[in-house]
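One file, my_file39.csv, carrying CSV, C-alpha atoms:
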chain,number,residue,atom,x,y,z
A,218,MET,CA,-96.0,5.3,-4.5
A,219,SER,CA,-94.7,8.9,-4.2
A,220,ASP,CA,-94.2,8.8,-0.5
A,221,GLU,CA,-91.9,5.8,-0.7
A,222,PRO,CA,-88.6,7.5,-1.5
A,223,GLU,CA,-89.5,10.3,0.9
A,224,LYS,CA,-89.9,7.8,3.8
A,225,LYS,CA,-86.5,6.3,2.9
A,226,ALA,CA,-84.8,9.7,2.8
A,227,ALA,CA,-86.3,10.6,6.2
A,228,HIS,CA,-85.0,7.3,7.6
A,229,GLU,CA,-81.5,7.6,6.2
A,230,GLN,CA,-80.9,11.3,6.7
A,231,PRO,CA,-79.6,11.3,10.3
A,232,LEU,CA,-77.0,8.6,9.5
A,233,VAL,CA,-75.9,10.5,6.4
A,234,HIS,CA,-75.3,13.5,8.6
A,235,MET,CA,-73.4,11.4,11.1
A,236,GLU,CA,-71.2,9.9,8.3
A,237,LEU,CA,-70.3,13.4,7.0
A,238,LEU,CA,-69.6,14.6,10.5
A,239,VAL,CA,-67.3,11.7,11.3
A,240,SER,CA,-65.6,11.8,7.9
A,241,ASN,CA,-64.9,15.6,8.2
A,242,LEU,CA,-63.6,15.1,11.8
A,243,LEU,CA,-61.2,12.4,10.8
A,244,ARG,CA,-60.0,14.4,7.7
A,245,GLY,CA,-59.5,17.5,9.8
A,246,GLY,CA,-57.6,15.6,12.5
A,247,VAL,CA,-55.4,14.0,9.9
A,248,LEU,CA,-54.6,17.2,8.1
A,249,VAL,CA,-53.8,19.2,11.2
A,250,SER,CA,-51.6,16.6,12.7
A,251,LEU,CA,-49.9,15.9,9.3
A,252,ALA,CA,-49.2,19.7,9.0
A,253,PHE,CA,-47.5,19.7,12.5
A,254,ILE,CA,-45.4,16.6,11.7
A,255,VAL,CA,-44.2,18.0,8.3
A,256,VAL,CA,-43.4,21.4,9.7
A,257,GLY,CA,-41.6,19.8,12.7
A,258,THR,CA,-39.5,17.6,10.4
A,259,ILE,CA,-38.6,20.6,8.3
A,260,VAL,CA,-37.7,22.7,11.3
A,261,THR,CA,-35.6,19.8,12.6
A,262,PHE,CA,-33.5,19.7,9.5
A,263,VAL,CA,-33.2,23.5,9.2
A,264,ASN,CA,-32.0,23.7,12.8
A,265,HIS,CA,-29.6,20.8,12.3
A,266,PRO,CA,-28.0,20.9,8.8
A,267,GLU,CA,-25.5,18.3,9.9
A,268,TYR,CA,-28.4,15.7,9.9
A,269,ALA,CA,-28.1,15.6,6.1
A,270,ARG,CA,-24.5,14.6,6.2
A,271,SER,CA,-23.4,12.9,9.4
A,272,SER,CA,-24.2,9.2,9.9
A,273,ALA,CA,-23.3,9.3,13.6
A,274,GLU,CA,-26.3,11.6,14.3
A,275,LEU,CA,-28.8,8.9,13.4
A,276,GLN,CA,-27.4,6.7,16.1
A,277,ARG,CA,-27.9,9.5,18.7
A,278,LEU,CA,-31.5,10.3,17.4
A,279,THR,CA,-32.7,6.7,17.7
A,280,GLN,CA,-30.9,5.4,20.7
A,281,PRO,CA,-32.9,4.4,23.9
A,282,GLY,CA,-33.8,7.6,25.8
A,283,ALA,CA,-34.0,9.7,22.7
A,284,ALA,CA,-37.8,10.2,23.1
A,285,VAL,CA,-37.7,13.1,25.5
A,286,TYR,CA,-41.2,14.4,25.0
A,287,THR,CA,-43.5,12.3,27.2
A,288,SER,CA,-46.1,14.8,28.3
A,289,ILE,CA,-48.2,17.6,26.9
A,290,GLY,CA,-46.4,20.1,29.1
A,291,GLN,CA,-42.9,19.1,27.9
A,292,THR,CA,-44.1,19.1,24.3
A,293,ALA,CA,-45.6,22.6,24.7
A,294,SER,CA,-42.4,24.1,26.2
A,295,GLY,CA,-40.3,22.4,23.5
A,296,MET,CA,-42.5,24.0,20.9
A,297,LEU,CA,-42.0,27.4,22.4
A,298,ALA,CA,-38.3,26.9,22.0
A,299,ILE,CA,-38.9,26.0,18.3
A,300,HIS,CA,-37.6,22.5,18.7
A,301,GLY,CA,-38.6,20.6,15.6
A,302,GLN,CA,-39.0,17.3,17.4
A,303,ALA,CA,-41.5,18.9,19.9
A,304,ILE,CA,-43.6,20.1,17.0
A,305,VAL,CA,-43.5,16.6,15.6
A,306,ALA,CA,-44.5,15.2,19.0
A,307,ALA,CA,-47.5,17.7,19.1
A,308,GLY,CA,-48.6,16.4,15.7
A,309,LEU,CA,-48.4,12.8,17.0
A,310,LEU,CA,-50.4,13.7,20.1
A,311,LEU,CA,-53.1,15.2,17.8
A,312,LEU,CA,-53.1,12.1,15.6
A,313,ILE,CA,-53.5,9.9,18.7
A,314,ALA,CA,-56.4,12.0,20.0
A,315,THR,CA,-58.3,12.0,16.7
A,316,PRO,CA,-60.1,8.6,17.1
A,317,VAL,CA,-61.0,9.4,20.7
A,318,ILE,CA,-62.4,12.8,19.7
A,319,ARG,CA,-64.4,10.9,17.0
A,320,VAL,CA,-66.1,8.7,19.6
A,321,GLY,CA,-66.8,11.7,21.9
A,322,VAL,CA,-68.3,13.8,19.1
A,323,SER,CA,-70.4,10.9,17.8
A,324,ALA,CA,-71.8,10.4,21.3
A,325,VAL,CA,-72.9,14.0,21.4
A,326,ALA,CA,-74.2,13.9,17.8
A,327,PHE,CA,-76.3,10.8,18.5
A,328,LEU,CA,-77.7,12.4,21.6
A,329,TRP,CA,-78.6,15.5,19.5
A,330,GLU,CA,-80.4,13.4,17.0
A,331,GLY,CA,-82.4,11.6,19.8
A,332,ASP,CA,-80.7,8.2,19.2
A,333,LYS,CA,-80.3,7.3,22.9
A,334,THR,CA,-79.2,3.7,22.3
A,335,TYR,CA,-76.2,4.8,20.1
A,336,ALA,CA,-75.4,7.8,22.3
A,337,ALA,CA,-75.1,5.3,25.3
A,338,ILE,CA,-72.9,2.9,23.2
A,339,CYS,CA,-70.5,5.8,22.4
A,340,PHE,CA,-70.3,7.0,26.0
A,341,VAL,CA,-69.6,3.4,27.1
A,342,VAL,CA,-66.7,3.1,24.6
A,343,LEU,CA,-65.4,6.5,25.6
A,344,PHE,CA,-65.5,5.5,29.3
A,345,LEU,CA,-63.6,2.2,28.6
A,346,LEU,CA,-61.0,4.1,26.6
A,347,LEU,CA,-60.4,6.6,29.5
A,348,VAL,CA,-60.2,3.7,32.1
A,349,SER,CA,-57.6,1.8,30.0
A,350,PHE,CA,-55.7,5.0,29.5
A,351,PHE,CA,-55.5,5.7,33.3
A,352,LEU,CA,-54.8,2.1,34.2
A,353,GLY,CA,-51.9,2.1,31.8
A,354,LYS,CA,-50.3,4.8,34.0
A,355,ALA,CA,-50.0,2.4,37.0
A,356,GLU,CA,-47.4,0.4,35.1
B,76,MET,CA,-27.0,6.2,6.8
B,77,THR,CA,-27.6,9.9,7.6
B,78,PRO,CA,-30.8,11.0,9.4
B,79,LEU,CA,-32.1,12.5,6.2
B,80,GLN,CA,-31.7,9.2,4.3
B,81,PHE,CA,-33.3,7.4,7.2
B,82,GLU,CA,-36.4,9.6,7.1
B,83,LEU,CA,-36.8,9.2,3.3
B,84,ALA,CA,-36.3,5.4,3.4
B,85,VAL,CA,-38.7,4.9,6.3
B,86,PHE,CA,-41.2,7.2,4.5
B,87,CYS,CA,-41.2,4.9,1.4
B,88,VAL,CA,-41.6,1.7,3.4
B,89,SER,CA,-44.4,3.2,5.4
B,90,LEU,CA,-46.2,4.3,2.2
B,91,ALA,CA,-46.5,0.7,1.2
B,92,ALA,CA,-47.6,-0.3,4.8
B,93,GLY,CA,-50.3,2.3,4.7
B,94,LEU,CA,-51.6,1.3,1.3
B,95,LEU,CA,-51.8,-2.4,2.2
B,96,GLY,CA,-53.2,-1.6,5.7
B,97,ALA,CA,-56.0,0.6,4.2
B,98,LEU,CA,-57.0,-2.1,1.7
B,99,LEU,CA,-57.0,-5.0,4.2
B,100,GLY,CA,-58.2,-3.3,7.4
B,101,LEU,CA,-54.9,-4.1,9.1
B,102,GLY,CA,-52.7,-1.8,11.1
B,103,GLY,CA,-49.6,-2.0,9.0
B,104,GLY,CA,-47.5,-3.3,12.0
B,105,ILE,CA,-46.7,-6.4,10.1
B,106,ILE,CA,-44.6,-4.3,7.7
B,107,VAL,CA,-43.4,-1.4,10.0
B,108,VAL,CA,-42.0,-3.5,12.9
B,109,PRO,CA,-39.9,-5.9,10.9
B,110,ALA,CA,-38.7,-3.1,8.6
B,111,LEU,CA,-37.6,-0.9,11.4
B,112,THR,CA,-35.9,-3.6,13.5
B,113,LEU,CA,-34.3,-5.7,10.8
B,114,LEU,CA,-33.6,-3.2,8.0
B,115,PHE,CA,-32.9,0.0,10.1
B,116,LYS,CA,-31.7,-1.6,13.4
B,117,ILE,CA,-34.1,0.4,15.5
B,118,ASP,CA,-34.8,-0.5,19.1
B,119,ILE,CA,-37.8,-2.8,19.4
B,120,ARG,CA,-39.5,-0.4,21.8
B,121,TYR,CA,-39.4,2.5,19.3
B,122,ALA,CA,-40.5,0.1,16.5
B,123,ILE,CA,-43.6,-0.9,18.5
B,124,GLY,CA,-44.2,2.7,19.4
B,125,ALA,CA,-44.0,3.7,15.7
B,126,SER,CA,-46.2,0.8,14.7
B,127,ILE,CA,-49.0,1.8,17.1
B,128,VAL,CA,-48.8,5.3,15.5
B,129,SER,CA,-49.1,3.6,12.1
B,130,VAL,CA,-52.3,1.8,13.2
B,131,ILE,CA,-53.9,5.1,14.1
B,132,ALA,CA,-52.6,6.8,10.9
B,133,THR,CA,-54.0,4.0,8.7
B,134,SER,CA,-57.3,4.0,10.5
B,135,SER,CA,-57.9,7.8,10.4
B,136,GLY,CA,-56.4,8.3,7.0
B,137,ALA,CA,-58.5,5.6,5.3
B,138,ALA,CA,-61.7,5.8,7.4
B,139,ALA,CA,-62.3,9.5,6.5
B,140,ALA,CA,-63.0,8.2,2.9
B,141,TYR,CA,-64.6,4.9,3.8
B,142,VAL,CA,-67.1,6.5,6.2
B,143,ARG,CA,-68.1,9.1,3.6
B,144,GLU,CA,-68.6,6.5,0.9
B,145,ARG,CA,-70.6,4.3,3.4
B,146,MET,CA,-68.0,1.5,2.8
B,147,ALA,CA,-67.4,1.5,6.6
B,148,ASN,CA,-70.5,0.8,8.7
B,149,ILE,CA,-70.3,3.3,11.6
B,150,ARG,CA,-73.0,1.5,13.6
B,151,VAL,CA,-71.4,-1.9,13.4
B,152,ALA,CA,-68.1,-0.3,14.4
B,153,MET,CA,-69.6,1.6,17.4
B,154,VAL,CA,-71.4,-1.5,18.7
B,155,LEU,CA,-68.3,-3.8,18.4
B,156,GLU,CA,-65.9,-1.2,19.8
B,157,ILE,CA,-67.6,-1.9,23.2
B,158,ALA,CA,-66.4,-5.5,22.9
B,159,THR,CA,-62.8,-4.7,21.7
B,160,ALA,CA,-62.3,-1.9,24.3
B,161,SER,CA,-63.4,-4.1,27.2
B,162,GLY,CA,-61.4,-7.0,25.8
B,163,ALA,CA,-58.3,-4.9,25.6
B,164,LEU,CA,-58.9,-3.8,29.2
B,165,THR,CA,-59.2,-7.5,30.3
B,166,GLY,CA,-56.0,-8.3,28.4
B,167,ALA,CA,-54.1,-5.6,30.2
B,168,PHE,CA,-55.4,-7.0,33.5
B,169,ILE,CA,-54.5,-10.6,33.0
B,170,ALA,CA,-51.2,-9.9,31.3
B,171,GLY,CA,-48.6,-11.8,33.3
B,172,LEU,CA,-51.0,-14.5,34.3
B,173,VAL,CA,-50.9,-16.2,30.9
B,174,GLN,CA,-47.9,-17.4,29.1
B,175,PRO,CA,-47.5,-15.5,25.8
B,176,ARG,CA,-46.1,-18.7,24.3
B,177,TRP,CA,-49.5,-20.5,24.4
B,178,LEU,CA,-51.3,-17.4,23.3
B,179,TYR,CA,-49.1,-17.3,20.2
B,180,ILE,CA,-49.9,-20.9,19.4
B,181,ILE,CA,-53.7,-20.5,20.0
B,182,PHE,CA,-53.8,-17.2,18.1
B,183,GLY,CA,-51.8,-18.8,15.2
B,184,LEU,CA,-54.2,-21.7,15.0
B,185,ILE,CA,-57.3,-19.4,15.1
B,186,LEU,CA,-55.9,-17.3,12.3
B,187,GLY,CA,-54.9,-20.4,10.3
B,188,TYR,CA,-58.5,-21.7,10.6
B,189,SER,CA,-59.9,-18.3,9.7
B,190,SER,CA,-57.8,-18.0,6.6
B,191,LEU,CA,-59.1,-21.4,5.4
B,192,MET,CA,-62.7,-20.5,6.1
B,193,MET,CA,-62.3,-17.1,4.5
B,194,PHE,CA,-60.8,-18.7,1.4
B,195,ARG,CA,-63.8,-21.1,1.2
B,196,ARG,CA,-66.4,-18.3,1.7
B,197,GLY,CA,-65.2,-16.6,-1.5
B,198,HIS,CA,-67.6,-18.8,-3.5
B,199,GLY,CA,-70.7,-18.3,-1.4
B,200,GLU,CA,-70.7,-14.5,-1.0
B,201,GLY,CA,-74.3,-13.3,-1.3
B,202,LEU,CA,-77.7,-13.0,0.2
B,203,VAL,CA,-78.4,-14.2,3.8
B,204,THR,CA,-81.9,-14.7,5.0
B,205,ARG,CA,-81.5,-15.8,8.6
B,206,ARG,CA,-83.2,-14.0,11.4
B,207,ALA,CA,-81.2,-11.3,13.1
B,208,PRO,CA,-83.1,-9.7,16.1
B,209,TRP,CA,-80.1,-7.9,17.5
B,210,ALA,CA,-79.0,-6.4,14.2
B,211,ASP,CA,-82.6,-5.4,13.5
B,212,PHE,CA,-82.8,-3.6,16.9
B,213,LEU,CA,-79.5,-1.9,16.4
B,214,LYS,CA,-80.3,-1.0,12.8
B,215,LEU,CA,-77.0,-2.5,11.5
B,216,HIS,CA,-78.2,-3.5,8.0
B,217,SER,CA,-76.9,-1.1,5.3
B,218,SER,CA,-75.8,-0.7,1.8
B,219,TYR,CA,-72.9,0.7,-0.1
B,220,TYR,CA,-72.0,1.5,-3.8
B,221,ASP,CA,-69.5,-0.9,-5.2
B,222,GLU,CA,-67.4,0.8,-7.9
B,223,ALA,CA,-66.1,-2.4,-9.3
B,224,GLN,CA,-69.6,-4.0,-9.8
B,225,ARG,CA,-71.1,-0.6,-10.6
B,226,ARG,CA,-74.1,-1.2,-8.4
B,227,ASN,CA,-75.5,-0.6,-5.0
B,228,VAL,CA,-74.9,-3.6,-2.7
B,229,THR,CA,-77.5,-4.1,0.1
B,230,TYR,CA,-76.4,-6.4,2.9
B,231,ARG,CA,-77.9,-7.8,6.1
B,232,VAL,CA,-75.8,-8.2,9.3
B,233,VAL,CA,-76.3,-11.4,11.2
B,234,ARG,CA,-75.0,-13.0,14.4
B,235,THR,CA,-74.3,-9.8,16.2
B,236,ARG,CA,-73.7,-11.6,19.6
B,237,VAL,CA,-71.2,-14.0,18.0
B,238,GLY,CA,-69.5,-11.0,16.5
B,239,LEU,CA,-69.4,-9.2,19.9
B,240,GLY,CA,-67.8,-12.4,21.5
B,241,LEU,CA,-65.2,-12.6,18.8
B,242,MET,CA,-64.3,-8.9,19.0
B,243,TYR,CA,-63.9,-9.3,22.8
B,244,VAL,CA,-61.4,-12.1,22.2
B,245,ALA,CA,-59.7,-9.9,19.6
B,246,GLY,CA,-59.5,-7.2,22.2
B,247,VAL,CA,-58.0,-9.5,24.8
B,248,VAL,CA,-55.4,-10.8,22.4
B,249,SER,CA,-54.3,-7.3,21.3
B,250,GLY,CA,-54.3,-6.2,24.9
B,251,LEU,CA,-52.0,-9.1,25.8
B,252,LEU,CA,-49.7,-9.3,22.8
B,253,GLY,CA,-50.0,-5.8,21.5
B,254,ILE,CA,-50.8,-7.2,18.0
B,255,GLY,CA,-53.5,-8.6,15.8
B,256,SER,CA,-55.7,-5.5,15.8
B,257,GLY,CA,-57.2,-6.2,12.4
B,258,ALA,CA,-56.2,-9.7,11.7
B,259,LEU,CA,-58.9,-11.1,13.9
B,260,LYS,CA,-61.5,-8.3,13.3
B,261,VAL,CA,-61.9,-8.8,9.5
B,262,PRO,CA,-62.6,-12.6,9.8
B,263,ALA,CA,-65.1,-11.9,12.5
B,264,LEU,CA,-66.9,-9.4,10.4
B,265,ASP,CA,-66.7,-11.5,7.3
B,266,LEU,CA,-67.3,-15.0,8.6
B,267,ALA,CA,-69.6,-14.5,11.6
B,268,MET,CA,-71.5,-11.3,10.7
B,269,HIS,CA,-71.6,-11.8,6.9
B,270,LEU,CA,-70.5,-8.3,5.9
B,271,PRO,CA,-69.3,-8.0,2.3
B,272,ILE,CA,-65.5,-8.3,2.3
B,273,LYS,CA,-64.9,-4.6,1.4
B,274,VAL,CA,-67.2,-3.5,4.2
B,275,SER,CA,-65.4,-5.8,6.5
B,276,THR,CA,-61.9,-4.3,5.8
B,277,ALA,CA,-63.2,-0.8,5.8
B,278,THR,CA,-65.1,-1.2,9.1
B,279,SER,CA,-62.1,-2.9,10.7
B,280,ASN,CA,-60.1,0.1,9.5
B,281,LEU,CA,-62.4,2.5,11.4
B,282,MET,CA,-62.3,0.4,14.5
B,283,ILE,CA,-58.5,-0.3,14.9
B,284,GLY,CA,-57.7,3.4,15.5
B,285,VAL,CA,-59.9,3.6,18.6
B,286,THR,CA,-58.4,0.6,20.4
B,287,ALA,CA,-54.9,1.7,19.4
B,288,ALA,CA,-55.4,5.3,20.7
B,289,ALA,CA,-55.6,4.3,24.4
B,290,SER,CA,-52.4,2.2,24.1
B,291,ALA,CA,-50.6,4.8,22.1
B,292,ALA,CA,-51.2,7.4,24.8
B,293,VAL,CA,-49.7,5.1,27.3
B,294,TYR,CA,-46.7,4.4,25.1
B,295,PHE,CA,-46.2,8.1,24.6
B,296,ARG,CA,-46.1,8.8,28.3
B,297,ARG,CA,-43.7,5.9,28.8
B,298,GLY,CA,-41.3,7.4,26.2
B,299,ASP,CA,-41.7,4.6,23.7
B,300,ILE,CA,-42.6,6.9,20.8
B,301,ASP,CA,-39.5,8.6,19.4
B,302,PRO,CA,-40.7,11.5,17.2
B,303,PHE,CA,-37.8,11.1,14.9
B,304,VAL,CA,-38.8,7.5,14.1
B,305,ALA,CA,-42.6,8.0,14.2
B,306,ALA,CA,-42.6,11.1,12.0
B,307,PRO,CA,-41.7,9.4,8.7
B,308,VAL,CA,-43.9,6.4,9.6
B,309,ALA,CA,-46.9,8.7,10.2
B,310,MET,CA,-46.4,10.7,7.0
B,311,GLY,CA,-45.8,7.7,4.8
B,312,VAL,CA,-48.7,5.7,6.3
B,313,LEU,CA,-51.1,8.6,6.0
B,314,LEU,CA,-50.3,9.1,2.4
B,315,GLY,CA,-50.4,5.4,1.6
B,316,ALA,CA,-53.8,5.0,3.4
B,317,VAL,CA,-55.4,7.8,1.4
B,318,ILE,CA,-54.2,6.2,-1.8
B,319,GLY,CA,-55.4,2.8,-0.6
B,320,ALA,CA,-58.8,4.1,0.3
B,321,ARG,CA,-59.3,5.4,-3.2
B,322,LEU,CA,-58.3,2.0,-4.6
B,323,LEU,CA,-60.5,-0.3,-2.5
B,324,GLY,CA,-63.8,0.5,-4.2
B,325,ARG,CA,-62.4,-0.3,-7.7
B,326,LEU,CA,-60.8,-3.6,-6.8
B,327,ARG,CA,-62.7,-6.8,-7.2
B,328,ASN,CA,-63.9,-8.6,-4.1
B,329,SER,CA,-62.0,-11.8,-5.0
B,330,THR,CA,-58.8,-9.8,-5.2
B,331,ILE,CA,-59.2,-8.3,-1.7
B,332,ARG,CA,-60.1,-11.7,-0.3
B,333,GLY,CA,-57.2,-13.4,-2.0
B,334,VAL,CA,-54.6,-10.9,-0.7
B,335,PHE,CA,-56.1,-10.9,2.7
B,336,VAL,CA,-56.1,-14.7,3.0
B,337,ALA,CA,-52.4,-14.8,1.9
B,338,ILE,CA,-51.4,-12.2,4.5
B,339,LEU,CA,-53.4,-14.0,7.2
B,340,VAL,CA,-51.6,-17.3,6.4
B,341,TRP,CA,-48.3,-15.5,6.7
B,342,ILE,CA,-49.2,-13.9,10.1
B,343,SER,CA,-50.5,-17.3,11.4
B,344,VAL,CA,-47.3,-19.1,10.4
B,345,GLN,CA,-45.3,-16.3,12.2
B,346,MET,CA,-47.4,-16.6,15.3
B,347,LEU,CA,-47.0,-20.4,15.4
B,348,TRP,CA,-43.3,-20.1,14.9
B,349,LYS,CA,-43.0,-17.7,17.8
B,350,GLY,CA,-45.0,-20.0,20.0
B,351,ILE,CA,-43.2,-23.2,19.1
B,352,ARG,CA,-39.8,-21.6,19.4
B,353,GLY,CA,-40.8,-20.3,22.8
As structure tokens, please, write out the structure in this file.
Amino acid sequence: MSDEPEKKAAHEQPLVHMELLVSNLLRGGVLVSLAFIVVGTIVTFVNHPEYARSSAELQRLTQPGAAVYTSIGQTASGMLAIHGQAIVAAGLLLLIATPVIRVGVSAVAFLWEGDKTYAAICFVVLFLLLVSFFLGKAE
Amino acid sequence: MTPLQFELAVFCVSLAAGLLGALLGLGGGIIVVPALTLLFKIDIRYAIGASIVSVIATSSGAAAAYVRERMANIRVAMVLEIATASGALTGAFIAGLVQPRWLYIIFGLILGYSSLMMFRRGHGEGLVTRRAPWADFLKLHSSYYDEAQRRNVTYRVVRTRVGLGLMYVAGVVSGLLGIGSGALKVPALDLAMHLPIKVSTATSNLMIGVTAAASAAVYFRRGDIDPFVAAPVAMGVLLGAVIGARLLGRLRNSTIRGVFVAILVWISVQMLWKGIRG
């Protein structure tokens, strides 16, 4: 009778750890990327006070070709020049990376807990994501 | 409209998209894309780029809470992500071989049928006793605390292989059309695998971010993500998703099911219209 809840706890414990880990990871990723996006937006409007008045500027900001940051290198050099939009782009990159990091960290955590089946599943998903990312480049 | 007004207006629209997306396990693209193109006259490329960002924002923003509350089933999500990721890869490969027109019609019909079945299942939600060797082996069965019912709900997962097959199809479709990330996932989890409706939408939420991340990276490199358009979308959707995640537990199952079915009917009609018009 008394060992019943103990058994259950022992069975469920690893998964509870995993859930906290994944949850904290997602929360951290969201908060950091949100901070970048908010700061970048503020910097953009501080650097360009005319954005609060002129309607012509919106056209320029959203016309085809306006997305100038297309790599990590460009984003980094834009950030060094304190370009608000580069800081936003960095935040967006972090946001995009968060789910992938989640899968990678889960893989390692499952391995750590000795759950080989699930570690393998996570690694397969990670592999598929990387393949589809690099195939997308060919286009 | 000045850039400042634009950012504020897009933020408000995105807040609603994030809230709805978090509750229903959808990406929010159904609100973000039409709002940006029709209301704000944004180029369709940037609208799609912003909507893929909104899928990831909804997913991470809501799933942080869902995973902690065990509303989202991590194991189910991990297993099925193999199917969605390989499906998306297949879709990217065969794009160009299939006419999108027929896809829209087939997809529209599948969603229409799913919405009918999901509406009918509302009466029979409960215990399932069929054998489930795959789910047993993969330890997919679980439980969650339902705030609305004030009790722990234990559920068994069944027909894992059917679920994998449907998720593969969902992956192919989203790889080909760039849409339908959640619209096909929730019915598969609900109808085939018999997850409770809240667990279905929460688990779909956790999954959609992973598939979207690979495409988002490609869009970014291609220059389809304009930070000025994507920033207010990301901020609004994240905030909306966090609020939505707090609400889901308190809402009644029948409410979630009803709203989901209504949205599904709407998406299915849109798809059929796109296909028929050519």
### Query
So how far away is CA of Gly350 (chain B) from CA of Gly171 (chain B), in Å?
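So the two atoms, CA of Gly171 (chain B) and CA of Gly350 (chain B), lie 16.0 Å apart.
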Pick out the chain B residues within 7 Å of chain A. Count only C-alpha atoms. Give them as a PDB file with C-alpha atoms, keeping the file's coordinate frame.
ATOM      1  CA  MET B  76     -27.000   6.200   6.800  1.00  0.00           C
ATOM      2  CA  THR B  77     -27.600   9.900   7.600  1.00  0.00           C
ATOM      3  CA  PRO B  78     -30.800  11.000   9.400  1.00  0.00           C
ATOM      4  CA  LEU B  79     -32.100  12.500   6.200  1.00  0.00           C
ATOM      5  CA  ILE B 117     -34.100   0.400  15.500  1.00  0.00           C
ATOM      6  CA  ILE B 131     -53.900   5.100  14.100  1.00  0.00           C
ATOM      7  CA  SER B 135     -57.900   7.800  10.400  1.00  0.00           C
ATOM      8  CA  GLY B 136     -56.400   8.300   7.000  1.00  0.00           C
ATOM      9  CA  ALA B 139     -62.300   9.500   6.500  1.00  0.00           C
ATOM     10  CA  ALA B 140     -63.000   8.200   2.900  1.00  0.00           C
ATOM     11  CA  VAL B 142     -67.100   6.500   6.200  1.00  0.00           C
ATOM     12  CA  ARG B 143     -68.100   9.100   3.600  1.00  0.00           C
ATOM     13  CA  MET B 153     -69.600   1.600  17.400  1.00  0.00           C
ATOM     14  CA  VAL B 154     -71.400  -1.500  18.700  1.00  0.00           C
ATOM     15  CA  GLU B 156     -65.900  -1.200  19.800  1.00  0.00           C
ATOM     16  CA  ILE B 157     -67.600  -1.900  23.200  1.00  0.00           C
ATOM     17  CA  ALA B 160     -62.300  -1.900  24.300  1.00  0.00           C
ATOM     18  CA  SER B 161     -63.400  -4.100  27.200  1.00  0.00           C
ATOM     19  CA  LEU B 164     -58.900  -3.800  29.200  1.00  0.00           C
ATOM     20  CA  GLY B 284     -57.700   3.400  15.500  1.00  0.00           C
ATOM     21  CA  VAL B 285     -59.900   3.600  18.600  1.00  0.00           C
ATOM     22  CA  ALA B 288     -55.400   5.300  20.700  1.00  0.00           C
ATOM     23  CA  ALA B 289     -55.600   4.300  24.400  1.00  0.00           C
ATOM     24  CA  SER B 290     -52.400   2.200  24.100  1.00  0.00           C
ATOM     25  CA  ALA B 291     -50.600   4.800  22.100  1.00  0.00           C
ATOM     26  CA  ALA B 292     -51.200   7.400  24.800  1.00  0.00           C
ATOM     27  CA  VAL B 293     -49.700   5.100  27.300  1.00  0.00           C
ATOM     28  CA  PHE B 295     -46.200   8.100  24.600  1.00  0.00           C
ATOM     29  CA  ARG B 296     -46.100   8.800  28.300  1.00  0.00           C
ATOM     30  CA  ARG B 297     -43.700   5.900  28.800  1.00  0.00           C
ATOM     31  CA  GLY B 298     -41.300   7.400  26.200  1.00  0.00           C
ATOM     32  CA  ASP B 299     -41.700   4.600  23.700  1.00  0.00           C
ATOM     33  CA  ILE B 300     -42.600   6.900  20.800  1.00  0.00           C
ATOM     34  CA  ASP B 301     -39.500   8.600  19.400  1.00  0.00           C
ATOM     35  CA  PRO B 302     -40.700  11.500  17.200  1.00  0.00           C
ATOM     36  CA  PHE B 303     -37.800  11.100  14.900  1.00  0.00           C
ATOM     37  CA  ALA B 306     -42.600  11.100  12.000  1.00  0.00           C
ATOM     38  CA  MET B 310     -46.400  10.700   7.000  1.00  0.00           C
TER      39      MET B 310
END
### Message
Please report the interatomic distance between CA of Val228 (chain B) and CA of Pro271 (chain B) in Å with one decimal.
### Response
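Separation between CA of Val228 (chain B) and CA of Pro271 (chain B): 8.7 Å.
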### Task
Determine the nearest neighbour of Glu144 (chain B) from the options B:Ile119, B:Met192, B:Ala320, B:Ala84, counting only C-alpha atoms.
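Closest residue, counting only C-alpha atoms: B:Ala320.
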### Query
Out of B:Pro307, B:Ala132, B:Arg206, B:Gly166, which residue has the shortest atom-to-atom distance to Gly250 (chain B) when counting all atoms listed in the file?
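The answer is B:Gly166, which sits nearest to Gly250 (chain B).
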### Query
If you measure from CA of His216 (chain B) to CA of Asn280 (chain B), what distance in Å do you get, rounded to one decimal?
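Answer for the CA of His216 (chain B) to CA of Asn280 (chain B) separation: 18.5 Å.
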### Residue with smallest distance to Ile185 (chain B) - pool B:Leu259, B:Ile149, B:Ala110, B:Val130, counting all atoms listed in the file
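Going through B:Leu259, B:Ile149, B:Ala110, B:Val130 one by one, the smallest distance to Ile185 (chain B) is for B:Leu259.
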#### Entry: Shell of 10 Å around Val344 (chain B), all atoms listed in the file, local chain residues under 3 positions omitted, as a ChimeraX atom specification
/B:180,183-184,186-187,338-341,347-350
